[in-house]
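What follows is the content of target29.cif (mmCIF, C-alpha atoms).
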```
data_target
#
loop_
_atom_site.label_atom_id
_atom_site.label_comp_id
_atom_site.auth_asym_id
_atom_site.auth_seq_id
_atom_site.Cartn_x
_atom_site.Cartn_y
_atom_site.Cartn_z
CA MET A 1 -9.85 -12.47 -27.53
CA ALA A 2 -6.33 -13.85 -26.96
CA ASN A 3 -4.87 -10.51 -28.04
CA GLU A 4 -7.16 -8.66 -25.68
CA PHE A 5 -6.05 -10.87 -22.81
CA HIS A 6 -2.36 -10.27 -23.45
CA GLY A 7 -2.93 -6.56 -23.85
CA GLN A 8 -4.64 -6.46 -20.48
CA VAL A 9 -1.73 -8.29 -18.88
CA ILE A 10 0.77 -5.82 -20.32
CA ALA A 11 -1.32 -2.81 -19.28
CA LEU A 12 -1.52 -4.12 -15.74
CA LEU A 13 2.20 -4.82 -15.31
CA PRO A 14 3.10 -1.51 -13.59
CA ARG A 15 0.41 -2.10 -10.97
CA LEU A 16 1.43 -5.71 -10.51
CA ARG A 17 4.99 -4.60 -9.91
CA VAL A 18 3.86 -2.23 -7.16
CA GLN A 19 1.70 -4.93 -5.59
CA ALA A 20 4.62 -7.36 -5.74
CA LEU A 21 6.85 -4.82 -4.03
CA ALA A 22 4.19 -4.28 -1.39
CA LEU A 23 4.23 -7.99 -0.65
CA THR A 24 7.93 -8.78 -0.95
CA ARG A 25 9.56 -5.44 0.03
CA ASN A 26 12.41 -6.46 -2.21
CA ARG A 27 12.95 -5.37 -5.81
CA ALA A 28 14.51 -8.55 -7.13
CA ALA A 29 11.90 -10.73 -5.39
CA ALA A 30 9.15 -8.47 -6.72
CA ASP A 31 10.38 -8.86 -10.30
CA ASP A 32 10.52 -12.63 -9.89
CA LEU A 33 7.04 -12.66 -8.39
CA VAL A 34 5.57 -10.67 -11.28
CA GLN A 35 7.24 -12.97 -13.79
CA ASP A 36 5.92 -16.08 -12.03
CA ALA A 37 2.42 -14.62 -11.69
CA VAL A 38 2.30 -13.70 -15.37
CA ALA A 39 3.42 -17.21 -16.30
CA ASN A 40 0.64 -18.63 -14.12
CA ALA A 41 -1.91 -16.27 -15.62
CA LEU A 42 -0.93 -17.16 -19.17
CA ALA A 43 -1.25 -20.83 -18.36
CA ALA A 44 -4.64 -20.29 -16.72
CA GLN A 45 -6.07 -17.73 -19.14
CA ASN A 46 -8.89 -20.04 -20.20
CA SER A 47 -10.22 -19.89 -16.67
CA PHE A 48 -10.69 -16.13 -16.88
CA THR A 49 -14.23 -15.12 -17.75
CA PRO A 50 -14.20 -12.17 -20.16
CA GLY A 51 -16.15 -9.22 -18.89
CA THR A 52 -15.31 -9.92 -15.26
CA ASN A 53 -12.76 -7.95 -13.26
CA PHE A 54 -9.45 -8.73 -14.92
CA ALA A 55 -7.33 -6.66 -12.51
CA ALA A 56 -8.79 -8.43 -9.49
CA TRP A 57 -8.25 -11.83 -11.14
CA MET A 58 -4.63 -10.99 -11.92
CA HIS A 59 -3.93 -9.51 -8.49
CA ARG A 60 -5.33 -12.68 -6.95
CA ILE A 61 -2.99 -14.86 -9.00
CA LEU A 62 -0.01 -12.77 -7.94
CA ARG A 63 -1.06 -12.87 -4.32
CA ASN A 64 -1.60 -16.64 -4.34
CA ARG A 65 1.75 -17.11 -5.96
CA PHE A 66 3.38 -15.01 -3.26
CA ILE A 67 1.67 -16.99 -0.51
CA SER A 68 2.70 -20.34 -1.96
CA THR A 69 6.29 -19.15 -2.33
CA LEU A 70 6.18 -17.89 1.22
CA ARG A 71 5.01 -21.26 2.46
CA LYS A 72 7.94 -22.93 0.72
CA GLN A 73 10.54 -20.59 2.18
CA ARG A 74 8.94 -19.63 5.44
CA GLU A 75 12.04 -18.33 7.11
CA THR A 76 13.61 -16.51 4.22
CA THR A 77 15.53 -13.49 5.33
CA ASP A 78 15.26 -10.82 2.73
CA ILE A 79 16.88 -7.48 2.45
CA GLU A 80 14.26 -4.81 2.74
CA ASP A 81 14.61 -2.30 -0.01
CA VAL A 82 13.83 1.32 0.42
CA PRO A 83 12.69 2.50 -3.01
CA ALA A 84 15.00 4.61 -5.11
CA GLY A 85 12.63 7.55 -4.71
CA ALA A 86 14.12 8.00 -1.27
CA PHE A 87 17.40 8.89 -2.93
CA ALA A 88 16.01 11.21 -5.61
CA VAL A 89 18.51 13.96 -6.34
CA SER A 90 15.76 16.52 -6.76
CA ALA A 91 14.66 16.14 -3.14
CA THR A 92 16.27 18.13 -0.37
CA HIS A 93 18.39 16.31 2.15
CA GLU A 94 15.61 16.60 4.68
CA ASP A 95 13.02 15.29 2.24
CA ARG A 96 15.21 12.32 1.43
CA LEU A 97 15.54 11.48 5.10
CA VAL A 98 11.79 11.72 5.54
CA LEU A 99 11.10 9.54 2.51
CA LYS A 100 13.61 6.98 3.69
CA GLU A 101 11.95 6.94 7.06
CA LEU A 102 8.55 6.56 5.43
CA GLY A 103 9.88 3.69 3.30
CA ASN A 104 11.21 1.94 6.37
CA ALA A 105 7.96 2.43 8.25
CA VAL A 106 5.92 1.13 5.31
CA ASN A 107 8.13 -1.95 5.21
CA ARG A 108 7.35 -2.50 8.86
CA LEU A 109 3.59 -2.77 8.32
CA PRO A 110 1.94 -6.18 8.16
CA ALA A 111 1.96 -7.34 4.55
CA ASP A 112 -1.83 -7.39 4.21
CA GLN A 113 -2.10 -3.78 5.41
CA ARG A 114 0.73 -2.62 3.17
CA GLU A 115 -0.83 -4.36 0.19
CA ALA A 116 -4.25 -2.81 0.77
CA LEU A 117 -2.72 0.63 1.38
CA PHE A 118 -0.78 0.49 -1.89
CA MET A 119 -3.81 -0.66 -3.84
CA VAL A 120 -5.94 2.21 -2.58
CA VAL A 121 -3.43 5.05 -2.29
CA LEU A 122 -1.05 4.30 -5.16
CA GLN A 123 -3.28 2.49 -7.60
CA GLY A 124 -6.56 4.21 -6.85
CA MET A 125 -8.43 0.93 -6.47
CA SER A 126 -11.82 0.95 -4.82
CA TYR A 127 -12.31 -0.93 -1.56
CA GLU A 128 -14.59 -3.29 -3.45
CA ASP A 129 -11.80 -4.14 -5.90
CA VAL A 130 -9.28 -4.54 -3.09
CA ALA A 131 -11.67 -6.91 -1.35
CA GLU A 132 -12.15 -8.94 -4.51
CA ALA A 133 -8.42 -9.05 -5.27
CA THR A 134 -7.41 -10.07 -1.78
CA GLY A 135 -10.33 -12.35 -0.97
CA CYS A 136 -11.67 -10.45 2.01
CA ALA A 137 -14.80 -8.50 2.94
CA VAL A 138 -15.06 -4.84 1.91
CA GLY A 139 -15.09 -3.85 5.58
CA THR A 140 -11.86 -5.75 6.13
CA ALA A 141 -10.22 -3.96 3.20
CA LYS A 142 -11.29 -0.59 4.65
CA SER A 143 -10.06 -1.55 8.05
CA ARG A 144 -6.65 -2.64 6.73
CA VAL A 145 -6.12 0.69 4.97
CA PHE A 146 -7.33 2.63 8.00
CA ARG A 147 -5.06 0.75 10.39
CA ALA A 148 -2.08 1.11 8.04
CA ARG A 149 -2.55 4.88 7.88
CA ARG A 150 -2.94 5.30 11.60
CA GLN A 151 -0.02 2.99 12.36
CA LEU A 152 2.26 4.95 10.04
CA GLN A 153 1.07 8.18 11.60
CA THR A 154 1.90 6.84 15.03
CA TRP A 155 5.35 5.62 14.04
CA LEU A 156 6.32 8.65 12.02
CA ALA A 157 5.22 11.05 14.69
CA GLY A 158 7.55 9.17 17.02
CA GLU A 159 4.75 8.02 19.27
CA GLU A 160 4.58 4.68 20.95
CA SER A 161 0.84 5.00 21.10
CA ALA A 162 -1.51 7.29 19.25
CA GLU A 163 -3.45 7.78 22.47
CA ALA A 164 -0.40 8.82 24.44
CA THR A 165 -0.49 12.49 23.46
CA THR A 166 -2.94 15.32 23.20
CA GLU A 167 -4.94 15.91 20.06
CA GLU A 168 -3.13 19.19 19.47
CA GLN A 169 0.21 17.47 19.60
CA ARG A 170 -0.97 14.81 17.22
CA THR A 171 -2.31 17.37 14.79
CA GLU A 172 0.90 19.33 14.88
CA ARG A 173 3.04 16.26 14.62
CA ALA A 174 1.05 14.97 11.68
CA ARG A 175 1.55 18.30 9.96
CA ILE A 176 5.28 18.21 10.40
CA SER A 177 5.65 14.48 10.61
CA GLY A 178 8.30 14.67 7.99
CA ARG A 179 10.66 16.43 10.29
CA SER A 180 9.77 14.92 13.52
CA SER A 181 11.33 11.65 14.16
CA GLU A 182 14.65 10.05 14.14
CA ARG A 183 13.22 7.76 16.76
CA GLY A 184 10.49 6.36 14.53
CA GLY A 185 13.02 5.65 11.82
CA GLN A 186 15.37 3.99 14.25
CA ARG A 187 12.56 1.75 15.41
CA ALA A 188 11.69 0.99 11.81
CA ARG A 189 15.28 0.02 11.10
CA ASN A 190 15.36 -2.14 14.18
CA GLY A 191 11.95 -3.64 13.44
CA SER A 192 11.60 -7.36 13.76
CA GLY A 193 10.39 -7.99 10.26
CA VAL A 194 6.99 -7.84 8.80
CA GLY A 195 3.84 -9.77 9.27
CA GLU A 196 3.73 -12.03 6.28
CA HIS A 197 2.26 -14.48 8.74
CA HIS A 198 -0.96 -12.47 8.37
CA LEU A 199 -1.19 -13.80 4.85
CA LEU A 200 -0.46 -17.35 5.87
CA ALA A 201 -2.99 -17.41 8.68
CA MET B 1 -39.61 35.80 25.07
CA ASP B 2 -39.93 32.80 22.94
CA MET B 3 -36.27 33.06 22.22
CA ASP B 4 -35.41 31.71 25.62
CA SER B 5 -37.42 28.59 25.16
CA SER B 6 -36.08 27.98 21.65
CA ASP B 7 -32.53 28.43 22.88
CA SER B 8 -33.01 25.99 25.68
CA SER B 9 -34.34 23.40 23.25
CA LYS B 10 -31.04 23.33 21.36
CA PRO B 11 -28.80 20.49 22.35
CA ALA B 12 -25.75 21.57 24.27
CA PRO B 13 -22.63 21.31 22.09
CA SER B 14 -20.61 18.25 22.93
CA PRO B 15 -17.31 19.13 24.56
CA LYS B 16 -15.75 16.36 22.51
CA ALA B 17 -16.74 17.92 19.18
CA PRO B 18 -13.78 20.33 18.75
CA LYS B 19 -11.40 17.63 19.88
CA ARG B 20 -12.76 15.20 17.32
CA LYS B 21 -12.57 17.87 14.65
CA ALA B 22 -8.92 18.57 15.40
CA GLU B 23 -8.17 14.88 15.34
CA ARG B 24 -9.82 14.49 11.96
CA ALA B 25 -7.95 17.48 10.59
CA GLY B 26 -4.67 15.98 11.73
CA GLU B 27 -5.52 12.65 10.14
CA ASP B 28 -6.56 14.28 6.88
CA ALA B 29 -3.31 16.26 6.75
CA PHE B 30 -1.30 13.15 7.43
CA ASP B 31 -3.21 11.12 4.82
CA LEU B 32 -2.46 13.76 2.20
CA TRP B 33 1.19 13.83 3.18
CA LEU B 34 1.28 10.03 3.12
CA GLN B 35 -0.24 9.87 -0.34
CA ARG B 36 2.33 12.30 -1.69
CA GLY B 37 5.17 10.45 0.02
CA LEU B 38 4.10 7.04 -1.26
CA HIS B 39 3.85 8.37 -4.80
CA GLN B 40 7.34 9.87 -4.50
CA LEU B 41 8.67 6.55 -3.28
CA TYR B 42 6.93 4.14 -5.58
CA ASP B 43 5.91 5.88 -8.80
CA ASP B 44 9.35 5.24 -10.25
CA VAL B 45 8.89 1.54 -9.65
CA ALA B 46 5.65 1.50 -11.63
CA ALA B 47 7.17 3.58 -14.43
CA GLU B 48 10.15 1.32 -15.06
CA PRO B 49 10.28 -0.39 -18.44
CA ILE B 50 9.01 -3.95 -18.66
CA PRO B 51 11.89 -6.45 -18.45
CA PRO B 52 12.53 -7.88 -21.95
CA GLU B 53 12.27 -11.50 -20.79
CA LEU B 54 8.82 -10.83 -19.34
CA MET B 55 7.70 -9.13 -22.54
CA ARG B 56 9.05 -12.07 -24.53
CA LEU B 57 7.10 -14.51 -22.34
CA ILE B 58 3.85 -12.65 -23.04
CA GLU B 59 4.49 -12.13 -26.74
CA GLU B 60 5.44 -15.75 -27.31
CA ASP B 61 2.24 -16.90 -25.66
CA ARG B 62 0.24 -14.38 -27.66
CA SER B 63 1.63 -15.56 -31.00
CA ARG B 64 1.29 -19.22 -30.06
CA ARG B 65 -2.38 -18.78 -29.20
CA GLY B 66 -2.99 -16.51 -32.14
CA LYS B 67 -2.09 -19.27 -34.58
#
```

Just give me the structure of the file as C-alpha coordinates.
Amino acid sequence: MANEFHGQVIALLPRLRVQALALTRNRAAADDLVQDAVANALAAQNSFTPGTNFAAWMHRILRNRFISTLRKQRETTDIEDVPAGAFAVSATHEDRLVLKELGNAVNRLPADQREALFMVVLQGMSYEDVAEATGCAVGTAKSRVFRARRQLQTWLAGEESAEATTEEQRTERARISGRSSERGGQRARNGSGVGEHHLLA
Amino acid sequence: MDMDSSDSSKPAPSPKAPKRKAERAGEDAFDLWLQRGLHQLYDDVAAEPIPPELMRLIEEDRSRRGK
(Lines of atoms letter the chains of each structure in order from A and count residues from 1; the text may use other names and numbers.)
(Lines give C-alpha, C1' and ligand atoms only; values in the text may rest on other atoms or scores of the structure.)
Protein backbone atom coordinates (compact mmCIF):
# COMPACT_ATOMS: atom_id res chain seq x y z
CA MET A 1 0.00 0.00 0.00
CA ALA A 2 2.84 2.38 0.96
CA ASN A 3 4.77 1.28 -2.12
CA GLU A 4 1.76 1.87 -4.31
CA PHE A 5 1.37 5.37 -2.92
CA HIS A 6 4.98 6.30 -3.61
CA GLY A 7 4.82 4.80 -7.07
CA GLN A 8 1.80 6.94 -7.84
CA VAL A 9 3.61 10.05 -6.65
CA ILE A 10 6.60 9.31 -8.88
CA ALA A 11 4.40 8.57 -11.89
CA LEU A 12 2.59 11.84 -11.44
CA LEU A 13 5.69 14.04 -11.12
CA PRO A 14 5.88 15.12 -14.80
CA ARG A 15 2.28 16.33 -14.66
CA LEU A 16 2.83 18.05 -11.34
CA ARG A 17 5.79 19.88 -12.80
CA VAL A 18 3.67 21.18 -15.67
CA GLN A 19 0.92 22.23 -13.28
CA ALA A 20 3.48 23.98 -11.09
CA LEU A 21 4.83 25.83 -14.10
CA ALA A 22 1.30 26.81 -15.07
CA LEU A 23 0.84 28.36 -11.65
CA THR A 24 4.25 29.93 -11.07
CA ARG A 25 5.42 30.68 -14.65
CA ASN A 26 8.92 30.25 -13.33
CA ARG A 27 11.05 27.12 -13.57
CA ALA A 28 12.89 27.44 -10.28
CA ALA A 29 9.69 28.31 -8.40
CA ALA A 30 7.91 25.41 -10.09
CA ASP A 31 10.59 22.95 -8.95
CA ASP A 32 10.36 24.28 -5.40
CA LEU A 33 6.58 24.04 -5.49
CA VAL A 34 6.64 20.41 -6.63
CA GLN A 35 9.15 19.54 -3.93
CA ASP A 36 7.05 21.23 -1.24
CA ALA A 37 3.83 19.62 -2.49
CA VAL A 38 5.41 16.17 -2.51
CA ALA A 39 6.67 16.70 1.04
CA ASN A 40 3.14 17.70 2.09
CA ALA A 41 1.63 14.71 0.33
CA LEU A 42 4.05 12.29 1.96
CA ALA A 43 3.23 13.74 5.36
CA ALA A 44 -0.50 13.52 4.67
CA GLN A 45 -0.59 10.19 2.86
CA ASN A 46 -2.75 8.58 5.54
CA SER A 47 -5.50 11.01 4.66
CA PHE A 48 -5.65 9.71 1.09
CA THR A 49 -8.39 7.15 0.56
CA PRO A 50 -7.15 4.37 -1.73
CA GLY A 51 -9.33 3.89 -4.76
CA THR A 52 -10.23 7.57 -4.99
CA ASN A 53 -8.75 9.95 -7.55
CA PHE A 54 -5.08 10.17 -6.63
CA ALA A 55 -4.17 12.68 -9.35
CA ALA A 56 -6.90 15.07 -8.25
CA TRP A 57 -5.82 14.71 -4.60
CA MET A 58 -2.21 15.43 -5.48
CA HIS A 59 -3.04 18.35 -7.77
CA ARG A 60 -5.12 19.82 -4.97
CA ILE A 61 -2.22 19.61 -2.53
CA LEU A 62 0.07 21.34 -5.01
CA ARG A 63 -2.48 24.03 -5.70
CA ASN A 64 -3.13 24.68 -2.00
CA ARG A 65 0.57 24.87 -1.39
CA PHE A 66 0.92 27.42 -4.17
CA ILE A 67 -1.92 29.52 -2.79
CA SER A 68 -0.51 29.53 0.73
CA THR A 69 2.92 30.51 -0.58
CA LEU A 70 1.30 33.23 -2.63
CA ARG A 71 -0.45 34.60 0.43
CA LYS A 72 2.87 34.79 2.25
CA GLN A 73 4.65 36.63 -0.54
CA ARG A 74 1.82 38.51 -2.13
CA GLU A 75 3.91 41.01 -3.99
CA THR A 76 6.68 38.77 -5.18
CA THR A 77 8.03 39.85 -8.51
CA ASP A 78 9.08 36.83 -10.45
CA ILE A 79 10.80 36.50 -13.74
CA GLU A 80 8.44 34.95 -16.22
CA ASP A 81 10.09 32.12 -18.03
CA VAL A 82 9.37 31.28 -21.58
CA PRO A 83 9.93 27.53 -21.84
CA ALA A 84 13.02 26.22 -23.54
CA GLY A 85 10.86 24.81 -26.33
CA ALA A 86 10.69 28.34 -27.68
CA PHE A 87 14.40 28.13 -28.37
CA ALA A 88 14.46 24.65 -29.90
CA VAL A 89 17.14 24.45 -32.56
CA SER A 90 14.98 22.25 -34.76
CA ALA A 91 12.37 24.99 -35.17
CA THR A 92 12.67 27.61 -37.85
CA HIS A 93 13.36 31.16 -36.83
CA GLU A 94 9.76 32.05 -37.53
CA ASP A 95 8.47 29.11 -35.50
CA ARG A 96 10.66 30.10 -32.58
CA LEU A 97 9.28 33.62 -32.65
CA VAL A 98 5.74 32.28 -32.73
CA LEU A 99 6.38 29.89 -29.86
CA LYS A 100 7.98 32.63 -27.82
CA GLU A 101 4.99 34.82 -28.47
CA LEU A 102 2.66 32.01 -27.48
CA GLY A 103 4.66 31.44 -24.29
CA ASN A 104 4.42 35.11 -23.41
CA ALA A 105 0.69 35.18 -24.10
CA VAL A 106 0.11 32.05 -22.02
CA ASN A 107 1.99 33.69 -19.15
CA ARG A 108 -0.35 36.63 -19.43
CA LEU A 109 -3.49 34.56 -18.79
CA PRO A 110 -5.05 34.52 -15.33
CA ALA A 111 -3.48 31.68 -13.35
CA ASP A 112 -6.72 29.73 -12.97
CA GLN A 113 -7.33 29.78 -16.73
CA ARG A 114 -3.74 28.81 -17.52
CA GLU A 115 -3.89 25.97 -15.02
CA ALA A 116 -7.14 24.58 -16.43
CA LEU A 117 -5.89 24.96 -20.01
CA PHE A 118 -2.70 23.02 -19.24
CA MET A 119 -4.60 20.28 -17.45
CA VAL A 120 -6.94 19.73 -20.39
CA VAL A 121 -4.69 20.40 -23.38
CA LEU A 122 -1.31 19.16 -22.14
CA GLN A 123 -2.31 16.51 -19.65
CA GLY A 124 -5.49 15.28 -21.27
CA MET A 125 -7.49 15.58 -18.06
CA SER A 126 -11.26 15.50 -18.23
CA TYR A 127 -13.23 18.56 -17.15
CA GLU A 128 -14.53 16.49 -14.26
CA ASP A 129 -10.98 15.81 -13.05
CA VAL A 130 -10.00 19.44 -13.49
CA ALA A 131 -13.02 20.47 -11.44
CA GLU A 132 -12.14 18.01 -8.70
CA ALA A 133 -8.47 19.03 -8.66
CA THR A 134 -9.17 22.74 -8.57
CA GLY A 135 -12.24 22.69 -6.36
CA CYS A 136 -14.68 24.23 -8.81
CA ALA A 137 -17.80 23.17 -10.71
CA VAL A 138 -17.42 21.28 -13.99
CA GLY A 139 -19.03 24.19 -15.82
CA THR A 140 -16.46 26.56 -14.33
CA ALA A 141 -13.61 24.32 -15.48
CA LYS A 142 -15.07 24.28 -19.02
CA SER A 143 -15.52 28.01 -18.97
CA ARG A 144 -11.93 28.64 -17.84
CA VAL A 145 -10.53 26.54 -20.69
CA PHE A 146 -12.86 28.15 -23.20
CA ARG A 147 -11.98 31.68 -22.10
CA ALA A 148 -8.26 30.88 -22.09
CA ARG A 149 -8.43 29.62 -25.68
CA ARG A 150 -10.42 32.56 -26.94
CA GLN A 151 -8.25 35.06 -25.08
CA LEU A 152 -5.09 33.60 -26.59
CA GLN A 153 -6.70 33.63 -30.00
CA THR A 154 -7.54 37.29 -29.57
CA TRP A 155 -4.08 38.26 -28.39
CA LEU A 156 -2.17 36.21 -30.92
CA ALA A 157 -4.24 37.45 -33.80
CA GLY A 158 -3.27 40.95 -32.68
CA GLU A 159 -6.83 41.93 -31.91
CA GLU A 160 -7.88 44.11 -29.06
CA SER A 161 -11.27 42.51 -29.14
CA ALA A 162 -12.46 39.32 -30.77
CA GLU A 163 -15.60 41.12 -31.88
CA ALA A 164 -13.70 43.93 -33.56
CA THR A 165 -13.17 42.15 -36.87
CA THR A 166 -15.13 40.16 -39.39
CA GLU A 167 -15.49 36.42 -39.08
CA GLU A 168 -13.46 35.92 -42.24
CA GLN A 169 -10.61 37.93 -40.84
CA ARG A 170 -10.73 35.99 -37.61
CA THR A 171 -10.73 32.67 -39.43
CA GLU A 172 -7.81 33.69 -41.58
CA ARG A 173 -5.92 35.17 -38.68
CA ALA A 174 -6.45 32.06 -36.60
CA ARG A 175 -5.08 29.99 -39.46
CA ILE A 176 -1.94 32.04 -39.72
CA SER A 177 -1.88 33.28 -36.19
CA GLY A 178 1.66 32.14 -35.93
CA ARG A 179 2.83 34.75 -38.34
CA SER A 180 0.53 37.52 -37.58
CA SER A 181 1.49 39.55 -34.67
CA GLU A 182 4.40 41.38 -33.34
CA ARG A 183 1.85 43.57 -31.64
CA GLY A 184 0.34 40.77 -29.57
CA GLY A 185 3.78 39.72 -28.42
CA GLN A 186 4.72 43.26 -27.54
CA ARG A 187 1.59 43.56 -25.45
CA ALA A 188 2.38 40.25 -23.81
CA ARG A 189 5.86 41.46 -22.95
CA ASN A 190 4.46 44.68 -21.59
CA GLY A 191 1.68 42.89 -19.72
CA SER A 192 1.04 43.91 -16.17
CA GLY A 193 1.50 40.50 -14.64
CA VAL A 194 -0.89 37.71 -14.22
CA GLY A 195 -4.00 37.19 -12.24
CA GLU A 196 -2.87 35.10 -9.34
CA HIS A 197 -5.40 37.16 -7.44
CA HIS A 198 -8.02 34.94 -9.09
CA LEU A 199 -6.72 32.12 -6.95
CA LEU A 200 -6.68 34.18 -3.79
CA ALA A 201 -10.19 35.50 -4.23
CA MET B 1 -47.83 20.62 -57.18
CA ASP B 2 -47.30 19.36 -53.74
CA MET B 3 -43.70 20.30 -54.08
CA ASP B 4 -44.50 23.94 -53.63
CA SER B 5 -46.24 23.41 -50.36
CA SER B 6 -43.50 21.12 -49.03
CA ASP B 7 -40.85 23.64 -50.00
CA SER B 8 -42.64 26.43 -48.26
CA SER B 9 -42.87 24.37 -45.09
CA LYS B 10 -39.08 24.21 -44.80
CA PRO B 11 -37.64 26.75 -42.44
CA ALA B 12 -35.72 29.50 -44.14
CA PRO B 13 -31.97 29.05 -43.59
CA SER B 14 -30.68 31.42 -40.96
CA PRO B 15 -28.41 34.06 -42.43
CA LYS B 16 -26.23 33.65 -39.36
CA ALA B 17 -25.56 29.96 -40.01
CA PRO B 18 -22.61 30.32 -42.45
CA LYS B 19 -21.11 33.00 -40.27
CA ARG B 20 -21.30 30.77 -37.22
CA LYS B 21 -19.81 27.90 -39.18
CA ALA B 22 -16.85 30.00 -40.29
CA GLU B 23 -16.32 31.17 -36.75
CA ARG B 24 -16.32 27.61 -35.46
CA ALA B 25 -13.90 26.53 -38.17
CA GLY B 26 -11.54 29.34 -37.20
CA GLU B 27 -11.74 28.38 -33.54
CA ASP B 28 -11.14 24.71 -34.28
CA ALA B 29 -8.10 25.56 -36.39
CA PHE B 30 -6.74 27.79 -33.67
CA ASP B 31 -7.38 25.18 -30.96
CA LEU B 32 -5.42 22.60 -32.95
CA TRP B 33 -2.59 25.05 -33.50
CA LEU B 34 -2.65 25.95 -29.80
CA GLN B 35 -2.49 22.33 -28.73
CA ARG B 36 0.53 21.72 -30.94
CA GLY B 37 2.22 24.90 -29.74
CA LEU B 38 1.68 24.15 -26.07
CA HIS B 39 3.09 20.66 -26.50
CA GLN B 40 6.15 22.09 -28.27
CA LEU B 41 6.64 24.54 -25.43
CA TYR B 42 5.99 22.36 -22.43
CA ASP B 43 6.59 18.71 -23.29
CA ASP B 44 10.29 19.13 -22.56
CA VAL B 45 9.44 20.34 -19.08
CA ALA B 46 7.43 17.21 -18.35
CA ALA B 47 10.13 14.96 -19.81
CA GLU B 48 12.97 16.28 -17.68
CA PRO B 49 14.51 13.83 -15.23
CA ILE B 50 13.31 13.94 -11.64
CA PRO B 51 15.68 15.99 -9.47
CA PRO B 52 17.75 13.60 -7.29
CA GLU B 53 16.83 15.36 -4.04
CA LEU B 54 13.13 14.92 -4.80
CA MET B 55 13.63 11.26 -5.61
CA ARG B 56 15.58 10.84 -2.38
CA LEU B 57 12.76 12.46 -0.41
CA ILE B 58 10.25 9.97 -1.82
CA GLU B 59 12.49 6.93 -1.49
CA GLU B 60 13.43 7.74 2.09
CA ASP B 61 9.78 8.02 3.02
CA ARG B 62 9.00 4.80 1.19
CA SER B 63 11.67 2.82 3.03
CA ARG B 64 10.78 4.37 6.38
CA ARG B 65 7.13 3.38 6.00
CA GLY B 66 8.01 0.02 4.54
CA LYS B 67 9.77 -1.02 7.72

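Atom pair atom CA of A:Arg108 / atom CA of B:His39 has a distance of 17.8 Å (rounded to one decimal).
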
Within 6 Å of chain A: residues of chain B, using all atoms listed in the file, as a PyMOL selection string = chain B and resi 23+26+30+40-41+46

query = At a cut-off of 12 Å from (8.1, -17.1, -5.1) in the coordinates of the file, what residues are picked up using all atoms listed in the file, written as a ChimeraX atom specification?
reply = /A:20,23-24,26,28-37,40,61-74,76

request  = Tell me, in Å to one decimal, how far atom CA of A:Gly124 is from atom CA of B:Gly37.
outcome  = 15.0 Å

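Of note, atom CA of B:Leu32 and atom CA of A:Arg60 are spaced 28.1 Å apart.
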
Output stretch 26-57 of chain B as a tab-separated table (two decimals), in the frame of the given file, making sure N, CA and C atoms are there.
```
chain	number	residue	atom	x	y	z
B	26	GLY	N	-6.02	16.53	11.68
B	26	GLY	CA	-4.67	15.98	11.73
B	26	GLY	C	-4.54	14.74	10.87
B	27	GLU	N	-5.54	13.88	10.93
B	27	GLU	CA	-5.52	12.65	10.14
B	27	GLU	C	-5.58	12.96	8.65
B	28	ASP	N	-6.45	13.92	8.29
B	28	ASP	CA	-6.56	14.28	6.88
B	28	ASP	C	-5.24	14.83	6.36
B	29	ALA	N	-4.59	15.68	7.16
B	29	ALA	CA	-3.31	16.26	6.75
B	29	ALA	C	-2.27	15.16	6.58
B	30	PHE	N	-2.26	14.24	7.53
B	30	PHE	CA	-1.30	13.15	7.43
B	30	PHE	C	-1.58	12.29	6.21
B	31	ASP	N	-2.86	11.98	5.96
B	31	ASP	CA	-3.21	11.12	4.82
B	31	ASP	C	-2.77	11.75	3.51
B	32	LEU	N	-2.92	13.07	3.40
B	32	LEU	CA	-2.46	13.76	2.20
B	32	LEU	C	-0.95	13.67	2.06
B	33	TRP	N	-0.27	13.92	3.17
B	33	TRP	CA	1.19	13.83	3.18
B	33	TRP	C	1.64	12.42	2.82
B	34	LEU	N	0.94	11.43	3.37
B	34	LEU	CA	1.28	10.03	3.12
B	34	LEU	C	1.11	9.69	1.63
B	35	GLN	N	0.02	10.15	1.07
B	35	GLN	CA	-0.24	9.87	-0.34
B	35	GLN	C	0.88	10.43	-1.22
B	36	ARG	N	1.26	11.67	-0.91
B	36	ARG	CA	2.33	12.30	-1.69
B	36	ARG	C	3.65	11.53	-1.51
B	37	GLY	N	3.92	11.16	-0.28
B	37	GLY	CA	5.17	10.45	0.02
B	37	GLY	C	5.23	9.09	-0.67
B	38	LEU	N	4.12	8.36	-0.63
B	38	LEU	CA	4.10	7.04	-1.26
B	38	LEU	C	4.29	7.16	-2.77
B	39	HIS	N	3.67	8.17	-3.36
B	39	HIS	CA	3.85	8.37	-4.80
B	39	HIS	C	5.31	8.69	-5.11
B	40	GLN	N	5.92	9.53	-4.27
B	40	GLN	CA	7.34	9.87	-4.50
B	40	GLN	C	8.22	8.63	-4.41
B	41	LEU	N	7.86	7.75	-3.49
B	41	LEU	CA	8.67	6.55	-3.28
B	41	LEU	C	8.47	5.50	-4.36
B	42	TYR	N	7.22	5.33	-4.78
B	42	TYR	CA	6.93	4.14	-5.58
B	42	TYR	C	6.53	4.40	-7.03
B	43	ASP	N	6.30	5.64	-7.41
B	43	ASP	CA	5.91	5.88	-8.80
B	43	ASP	C	7.00	5.46	-9.79
B	44	ASP	N	8.25	5.65	-9.38
B	44	ASP	CA	9.35	5.24	-10.25
B	44	ASP	C	9.32	3.74	-10.53
B	45	VAL	N	8.94	3.00	-9.51
B	45	VAL	CA	8.89	1.54	-9.65
B	45	VAL	C	7.87	1.17	-10.73
B	46	ALA	N	6.71	1.80	-10.66
B	46	ALA	CA	5.65	1.50	-11.63
B	46	ALA	C	6.05	1.94	-13.03
B	47	ALA	N	6.86	3.00	-13.12
B	47	ALA	CA	7.17	3.58	-14.43
B	47	ALA	C	8.35	2.89	-15.12
B	48	GLU	N	8.99	1.98	-14.44
B	48	GLU	CA	10.15	1.32	-15.06
B	48	GLU	C	9.73	0.51	-16.27
B	49	PRO	N	10.63	0.40	-17.26
B	49	PRO	CA	10.28	-0.39	-18.44
B	49	PRO	C	10.09	-1.87	-18.09
B	50	ILE	N	9.27	-2.53	-18.90
B	50	ILE	CA	9.01	-3.95	-18.66
B	50	ILE	C	10.27	-4.74	-19.01
B	51	PRO	N	10.70	-5.65	-18.13
B	51	PRO	CA	11.89	-6.45	-18.45
B	51	PRO	C	11.68	-7.21	-19.76
B	52	PRO	N	12.69	-7.25	-20.64
B	52	PRO	CA	12.53	-7.88	-21.95
B	52	PRO	C	12.10	-9.34	-21.87
B	53	GLU	N	12.62	-10.07	-20.87
B	53	GLU	CA	12.27	-11.50	-20.79
B	53	GLU	C	10.79	-11.69	-20.45
B	54	LEU	N	10.24	-10.76	-19.68
B	54	LEU	CA	8.82	-10.83	-19.34
B	54	LEU	C	7.98	-10.51	-20.58
B	55	MET	N	8.40	-9.51	-21.31
B	55	MET	CA	7.70	-9.13	-22.54
B	55	MET	C	7.73	-10.30	-23.54
B	56	ARG	N	8.89	-10.95	-23.59
B	56	ARG	CA	9.05	-12.07	-24.53
B	56	ARG	C	8.09	-13.21	-24.15
B	57	LEU	N	8.00	-13.46	-22.84
B	57	LEU	CA	7.10	-14.51	-22.34
B	57	LEU	C	5.66	-14.25	-22.80
```
